[in-house]
Amino acid sequence: MILTNCYLTASEVEISMFSKVAVLIPILLLLLYTKIDLFLYKNIWWVMIYVCVLQIVTDKRNLGEHILFFAPIALYLPYYKFILVKQKSLLFYILIIYLLECSICIWEYQSHTNLFYQISDEYQRFRSTGIWGHPLNNAMLVSVFMLFVLLSKISTKLKFILFALGFYTLFSFNARASIVMTLFSSFICFIINRKRTIYYLRKHLYIIPVIIILSIIFFSYLNNSDLGGKLFDSESRNLQDNSAQARLGALMILNNLTFEEWLFGFKAYEVLLKNTEFGFIESGTLIMLFKYGLVAAIPVLFILFKTLFVFMRDIEVKNRWILIIHIFVIGSTSPSFVNLFIWVFIYLFYTALFLSTQYISKKSRFYKLCFQ
């Protein structure tokens with residue numbers, strides 16, 4: 001799936017519909033072969049039907065797009081829950097994917113060469129595109145994986161290494177919202193789990209000065225290089241960059257919506273994009289509102305939220321709220337929120353870090369490396 005995504009983003013093929021079909025068919029065939037209930041997550045199927053009916057009633061022509069967003073999610077979840085979860089090597093492969101992503105992004109930034117997906121520079125600031133195409137796609141998945149790592153049961157040393165690597169990588173995307181939200185959500189997680197944090201720091205007092213020194217060195221480097229990107233650039237701090245202006249412009253569209261558009265969205269979403277100053281909308285929630293309208297966007301967002309909350313039951317409730325709010329806030333600042341493979345990988349990360357670990361042999365070298 002990753003290799004397919006890399007190829008499609010590197011080519012000039014229209015990837016939206018093809019990639020969704022490509023990731024759906026193998027799983028559908030596998031579920032049919034193993035006789036697992038395809039309608040286990042009935043709420044997702046009902047929301048899909050509801051949205052499709054609304055599309056027909058409001059005379060829109062993008063039924064295939066909606067079906068190929070909801071159907072794969074509804075099919076992937078039982079596949080993860082009953083089949084993939086039993087794969088002892090799942091966590092190993094996910095860690096390899098994460099390390100591969102970070103390595104490619106850092107290499108791209110250092111060499112100023114995009115390996116798969118090409119993107120134009122803004123203010124002569126290079127942005128890595130990694131294995132997931134657009135920088136905002138990469139930033140969202142890296143950020144979410146970092147929070148999963150913090151909340152998982154893997155060893156603290158490995159958490160520190162993976163988190164530090166991911167945090168450095170985030171700056172190569174020049175994704176301001178993802179960086180800020182990652183820092184904020186991580187801080188809240190430490191506060192909520194302060195007893196465990198304090199207990200660990202008391203046993204390893206040397207960690208505190210090491211973190212302080214490394215933080216000073218890193219932020220000094222950010223301030224004196226272009227790696228700091230929008231967070232350290234005076235023009236982007238004043239929200240004068242194209243990304244911020246595109247989001248503000250999308251908010252301005254709300255002021256001109258008619259009552260019918262508020263309820264049912266735009267009949268011609270592509271025409272709306274052409275009429276915007278920058279030709280794109282960098283907000284997943286606004287994209288849903290403009291495409292579906294409130295009568296569909298609210299149920300869709302609710303079922304996405306509820307499905308995440310129920311599926312991730314192995315995470316403590318308070319931590320689960322922080323994680324899901326983190327996903328939705330970043331989604332409100334990024335179009336990646338409405339990309340199918342983003343959701344596929346979010347659930348995959350959770351399955352690897354929280355569910356499949358029970359099947360790893362405690363005597364294996366990999367288990368000792370990750371959990372001891």
# chains A, B, ... in the order shown; residues from 1 in each chain; ligands from 1
call {"tool": "closest_atom_pairs", "arguments": {"of": "segment 332-365 of chain A", "to": "segment 124-143 of chain A", "cutoff": "8 Å", "atoms": "only C-alpha atoms", "output": "JSON lines"}}
result
{"residue": "A:Ser334", "atom": "CA", "partner": "A:Leu136", "partner_atom": "CA", "distance": 6.4}
{"residue": "A:Pro335", "atom": "CA", "partner": "A:Leu136", "partner_atom": "CA", "distance": 7.7}
{"residue": "A:Ser336", "atom": "CA", "partner": "A:Asn137", "partner_atom": "CA", "distance": 5.2}
{"residue": "A:Ile342", "atom": "CA", "partner": "A:Leu141", "partner_atom": "CA", "distance": 6.9}
{"residue": "A:Phe345", "atom": "CA", "partner": "A:Leu141", "partner_atom": "CA", "distance": 7.6}
{"residue": "A:Ile346", "atom": "CA", "partner": "A:Leu141", "partner_atom": "CA", "distance": 7.1}
call {"tool": "write_last_selection", "arguments": {"atoms": "N, CA and C atoms", "output": "short mmCIF file (atom, residue, chain, number, x, y, z; two decimals), in the first residue's frame"}}
result
data_model
loop_
_atom_site.label_atom_id
_atom_site.label_comp_id
_atom_site.auth_asym_id
_atom_site.auth_seq_id
_atom_site.Cartn_x
_atom_site.Cartn_y
_atom_site.Cartn_z
N SER A 334 -5.98 20.92 8.28
CA SER A 334 -5.31 20.16 7.23
C SER A 334 -6.32 19.41 6.36
N PRO A 335 -6.15 19.43 5.05
CA PRO A 335 -7.04 18.65 4.17
C PRO A 335 -6.81 17.16 4.28
N SER A 336 -5.73 16.74 4.93
CA SER A 336 -5.44 15.31 5.08
C SER A 336 -6.52 14.60 5.90
N ILE A 342 -5.09 8.25 5.57
CA ILE A 342 -4.78 8.82 6.88
C ILE A 342 -5.49 8.01 7.97
N PHE A 345 -4.11 4.42 8.36
CA PHE A 345 -2.86 4.32 9.13
C PHE A 345 -3.05 4.68 10.60
N ILE A 346 -3.97 5.57 10.92
CA ILE A 346 -4.22 5.90 12.33
C ILE A 346 -4.68 4.65 13.07
#
call {"tool": "closest_residue", "arguments": {"among": "A:Leu183, A:Cys52, A:Leu162, A:Leu84", "to": "Tyr98 of chain A", "atoms": "only C-alpha atoms"}}
result
A:Leu162
call {"tool": "closest_residue", "arguments": {"among": "A:Leu91, A:Val338, A:Leu158, A:Ile83", "to": "Phe371 of chain A", "atoms": "only C-alpha atoms"}}
result
A:Leu158
call {"tool": "residues_around", "arguments": {"residues": "Val329 of chain A", "least_positions_apart": "5", "cutoff": "9 Å", "atoms": "only C-alpha atoms", "output": "list in words"}}
result
Ala177, Met181, Ile324 and Ser334 of chain A
call {"tool": "write_last_selection", "arguments": {"atoms": "C-alpha atoms", "output": "mmCIF file, in the first residue's frame"}}
result
data_model
loop_
_atom_site.group_PDB
_atom_site.id
_atom_site.type_symbol
_atom_site.label_atom_id
_atom_site.label_comp_id
_atom_site.auth_asym_id
_atom_site.auth_seq_id
_atom_site.Cartn_x
_atom_site.Cartn_y
_atom_site.Cartn_z
ATOM 1 C CA ALA A 177 -0.304 23.519 13.453
ATOM 2 C CA MET A 181 -0.539 20.723 18.708
ATOM 3 C CA ILE A 324 -8.838 12.079 19.511
ATOM 4 C CA SER A 334 -5.312 20.165 7.227
#
call {"tool": "residues_around", "arguments": {"residues": "Pro299 of chain A", "least_positions_apart": "5", "cutoff": "12 Å", "atoms": "only C-alpha atoms", "output": "JSON, numbers by chain"}}
result
{"A": [43, 44, 46, 47, 48, 49, 50, 51, 288, 289, 292, 293, 294, 304, 305, 306, 307]}
call {"tool": "atom_distance", "arguments": {"atom1": "atom CA of Tyr347 of chain A", "atom2": "atom CA of Lys86 of chain A"}}
result
14.9 Å
call {"tool": "closest_atom_pairs", "arguments": {"of": "segment 133-230 of chain A", "to": "segment 353-357 of chain A", "cutoff": "9 Å", "atoms": "only C-alpha atoms", "output": "Markdown table"}}
result
| residue | atom | partner | partner_atom | distance |
| --- | --- | --- | --- | --- |
| A:Phe148 | CA | A:Leu353 | CA | 7.3 |
| A:Val149 | CA | A:Leu353 | CA | 7.4 |
| A:Ser152 | CA | A:Leu353 | CA | 6.3 |
| A:Lys153 | CA | A:Phe354 | CA | 7.9 |
| A:Ile154 | CA | A:Leu353 | CA | 8.2 |
call {"tool": "write_last_selection", "arguments": {"atoms": "C-alpha atoms", "output": "compact mmCIF listing (two decimals), in the first residue's frame"}}
result
# COMPACT_ATOMS: atom_id res chain seq x y z
CA PHE A 148 0.51 6.90 20.32
CA VAL A 149 4.12 6.23 21.31
CA SER A 152 1.90 3.11 24.74
CA LYS A 153 3.68 0.66 27.05
CA ILE A 154 6.97 0.56 25.17
call {"tool": "atom_distance", "arguments": {"atom1": "atom CA of Ile208 of chain A", "atom2": "atom CA of Lys159 of chain A"}}
result
15.3 Å
call {"tool": "closest_residue", "arguments": {"among": "A:Leu214, A:Trp343, A:Gln87, A:Leu95", "to": "Ala74 of chain A", "atoms": "only C-alpha atoms"}}
result
A:Trp343
call {"tool": "closest_residue", "arguments": {"among": "A:Thr351, A:Ser178, A:Lys363, A:Leu369", "to": "Leu90 of chain A", "atoms": "only C-alpha atoms"}}
result
A:Thr351
call {"tool": "closest_residue", "arguments": {"among": "A:Leu75, A:Leu340, A:Ile188, A:Ile97", "to": "Leu151 of chain A", "atoms": "only C-alpha atoms"}}
result
A:Ile188
